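Student: Following this message is one structure expressed as structure tokens.
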Amino acid sequence: LNHQLAQDAVGSVHRHNHYRGRLINGCGWQRDFIRRLYNRQATSFGETAVHEALQPTPGGVSLLNGPLFHYPYESAADLIEKMQHYSTLYAKERCGKESSSAAKAVLRGSVRFVRDFILKRGFMYGRDGWTISYTNAAGVFYKHIKLCEENEKLAGGDR
């Protein structure tokens with residue numbers, strides 16, 4: 001580290017995400033900054049189950065030098081497994097607090113695919129970009145469909 005953090009500050013790093021060993025600088029993965037260095041006595045985590053995050057601290061957030069090389073996915077199966085896990089957590093966490101529908105699921109999933117594959121340059125990564133973008137879109141679709149189903153169960157109805 002080229003600079004010191006205040007005792008109550010949080011250090012953030014630029015995460016370089018890889019898929020099947022290949023750096024992906026598109027599909028929405030390109031501007032991925034993650035908070036990784038912090039004092040456990042001066043910080044705490046939020047209450048959310050999906051993408052839990054450090055709460056803001058008086059010392060603020062400092063960007064640390066150098067990237068963090070991240071190799072989370074070796075195959076489409078890895079992407080799908082993570083998507084299933086997070087979409088289920090999302091639905092359970094928001095059940096009874098947020099509404100959803102099949103139309104919302106289709107619309108948001110479609111928008112996500114266009115965003116990741118076209119606007120976020122997933123097409124530049126060929127089949128890998130397609131797979132990542134499609135899985136991201138499917139994750140958005142499934143989290144809203146699962147939320148719709150969870151809300152129906154809560155209300156005691158089938159449809």
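By order in the structure tokens, chains are A, B, ...; within a chain, residues start at 1; ligands start at 1, following the order shown.
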Considering only helix (DSSP H, G or I) as DSSP defines it on the backbone, what residues of region 59-124 of chain A qualify? List them as a ChimeraX atom specification.

Tutor: /A:76-94,102-119,122-124

Student: Using only C-alpha atoms, which residue out of A:Gly11, A:Ala102, A:Leu107, A:Asn25 lies closest to Gly122 (chain A)?

Tutor: A:Asn25

Student: Can you pull out every residue within 9 Å of region 12-19 of chain A, counting only C-alpha atoms, but drop anything in the same chain fewer than 5 positions away, and send it as an MDAnalysis selection string?

Tutor: chainID A and resid 24:25 29:37 61:75 128 132

Student: Mind writing the picked residues with N, CA and C atoms as a compact mmCIF listing (two decimals), in the first residue's frame?

Tutor:
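Output file out30.txt is given in full below:
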# COMPACT_ATOMS: atom_id res chain seq x y z
N ILE A 24 -12.30 -10.22 -18.09
CA ILE A 24 -13.50 -9.68 -18.74
C ILE A 24 -13.64 -8.23 -18.30
N ASN A 25 -13.47 -7.34 -19.25
CA ASN A 25 -13.57 -5.91 -18.98
C ASN A 25 -14.82 -5.34 -19.68
N TRP A 29 -18.88 -5.93 -15.66
CA TRP A 29 -17.83 -6.30 -14.70
C TRP A 29 -16.67 -5.31 -14.68
N GLN A 30 -16.65 -4.33 -15.57
CA GLN A 30 -15.46 -3.52 -15.77
C GLN A 30 -15.19 -2.50 -14.67
N ARG A 31 -16.18 -1.99 -14.03
CA ARG A 31 -15.96 -0.97 -12.98
C ARG A 31 -16.34 -1.56 -11.64
N ASP A 32 -15.64 -2.59 -11.24
CA ASP A 32 -15.96 -3.33 -10.03
C ASP A 32 -14.98 -2.97 -8.92
N PHE A 33 -15.40 -2.08 -8.06
CA PHE A 33 -14.58 -1.69 -6.92
C PHE A 33 -15.18 -2.32 -5.68
N ILE A 34 -14.34 -2.95 -4.89
CA ILE A 34 -14.82 -3.68 -3.73
C ILE A 34 -14.04 -3.28 -2.49
N ARG A 35 -14.75 -3.12 -1.40
CA ARG A 35 -14.13 -2.74 -0.13
C ARG A 35 -13.58 -3.99 0.53
N ARG A 36 -12.27 -3.98 0.77
CA ARG A 36 -11.61 -5.18 1.28
C ARG A 36 -10.70 -4.96 2.49
N LEU A 37 -10.31 -3.74 2.78
CA LEU A 37 -9.39 -3.49 3.89
C LEU A 37 -10.09 -2.57 4.88
N VAL A 61 -13.89 6.20 2.42
CA VAL A 61 -13.37 5.10 1.62
C VAL A 61 -12.20 5.63 0.79
N SER A 62 -11.09 4.90 0.82
CA SER A 62 -9.91 5.27 0.03
C SER A 62 -9.65 4.20 -1.01
N LEU A 63 -9.35 4.62 -2.23
CA LEU A 63 -9.00 3.69 -3.28
C LEU A 63 -7.54 3.30 -3.12
N LEU A 64 -7.29 2.01 -3.00
CA LEU A 64 -5.93 1.50 -2.84
C LEU A 64 -5.31 1.25 -4.21
N ASN A 65 -4.01 1.33 -4.28
CA ASN A 65 -3.30 1.10 -5.54
C ASN A 65 -3.28 -0.38 -5.87
N GLY A 66 -3.38 -0.69 -7.14
CA GLY A 66 -3.28 -2.06 -7.61
C GLY A 66 -4.61 -2.77 -7.66
N PRO A 67 -4.75 -3.70 -8.61
CA PRO A 67 -6.00 -4.45 -8.73
C PRO A 67 -6.00 -5.71 -7.88
N LEU A 68 -7.18 -6.25 -7.69
CA LEU A 68 -7.38 -7.56 -7.07
C LEU A 68 -7.82 -8.49 -8.20
N PHE A 69 -7.03 -9.51 -8.50
CA PHE A 69 -7.36 -10.44 -9.56
C PHE A 69 -8.33 -11.48 -9.01
N HIS A 70 -9.50 -11.56 -9.61
CA HIS A 70 -10.61 -12.37 -9.10
C HIS A 70 -10.97 -13.42 -10.15
N TYR A 71 -10.93 -14.69 -9.75
CA TYR A 71 -11.19 -15.81 -10.66
C TYR A 71 -12.37 -16.64 -10.13
N PRO A 72 -13.59 -16.09 -10.14
CA PRO A 72 -14.71 -16.80 -9.50
C PRO A 72 -15.39 -17.85 -10.36
N TYR A 73 -15.26 -17.77 -11.68
CA TYR A 73 -16.06 -18.64 -12.55
C TYR A 73 -15.18 -19.35 -13.57
N GLU A 74 -15.21 -20.68 -13.53
CA GLU A 74 -14.47 -21.48 -14.50
C GLU A 74 -15.37 -22.04 -15.58
N SER A 75 -16.69 -21.89 -15.41
CA SER A 75 -17.62 -22.48 -16.37
C SER A 75 -18.99 -21.82 -16.26
N ASP A 128 -18.07 -16.02 -24.51
CA ASP A 128 -17.98 -15.76 -23.07
C ASP A 128 -18.82 -14.54 -22.69
N ILE A 132 -22.01 -14.68 -20.11
CA ILE A 132 -22.08 -13.83 -18.92
C ILE A 132 -23.31 -12.93 -18.98

Student: Check the smallest atom-to-atom distance from each of A:Gly21, A:Tyr134, A:Phe123, A:Lys143 to His85 (chain A) using only C-alpha atoms, then report the winner.

Tutor: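 The shortest atom-to-atom distance to His85 (chain A) comes from A:Lys143.
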
Student: Using only C-alpha atoms, which of A:Ala9, A:Leu89, A:Ala76, A:Leu154 sits nearest Thr135 (chain A)?

Tutor: A:Ala76

Student: Can you check which residues of region 39-142 of chain A DSSP gives as strand (DSSP E) on the backbone and send them as a VMD selection string?

Tutor: chain A and resid 61 to 73

Student: Quick one, how far is CA of Gly109 (chain A) from CA of Ala138 (chain A)?

Tutor: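 These two atoms are separated by 6.1 Å.
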
Student: Mind giving me the straight-line distance from CA of Ser110 (chain A) to CA of Val140 (chain A) in Å, one decimal?

Tutor: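 It comes out at 8.8 Å.
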
Student: Could you state the separation of CA of Gly26 (chain A) and CA of Tyr38 (chain A) in Å, given to one decimal place?

Tutor: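 So the answer is 28.1 Å.
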
Student: Just the residues within 10 Å of Ser133 (chain A), please, counting only C-alpha atoms, with nothing from its chain fewer than 4 positions along; format it as a PyMOL selection string.

Tutor: chain A and resi 26-28+112-118+120-123+127-129+137-139
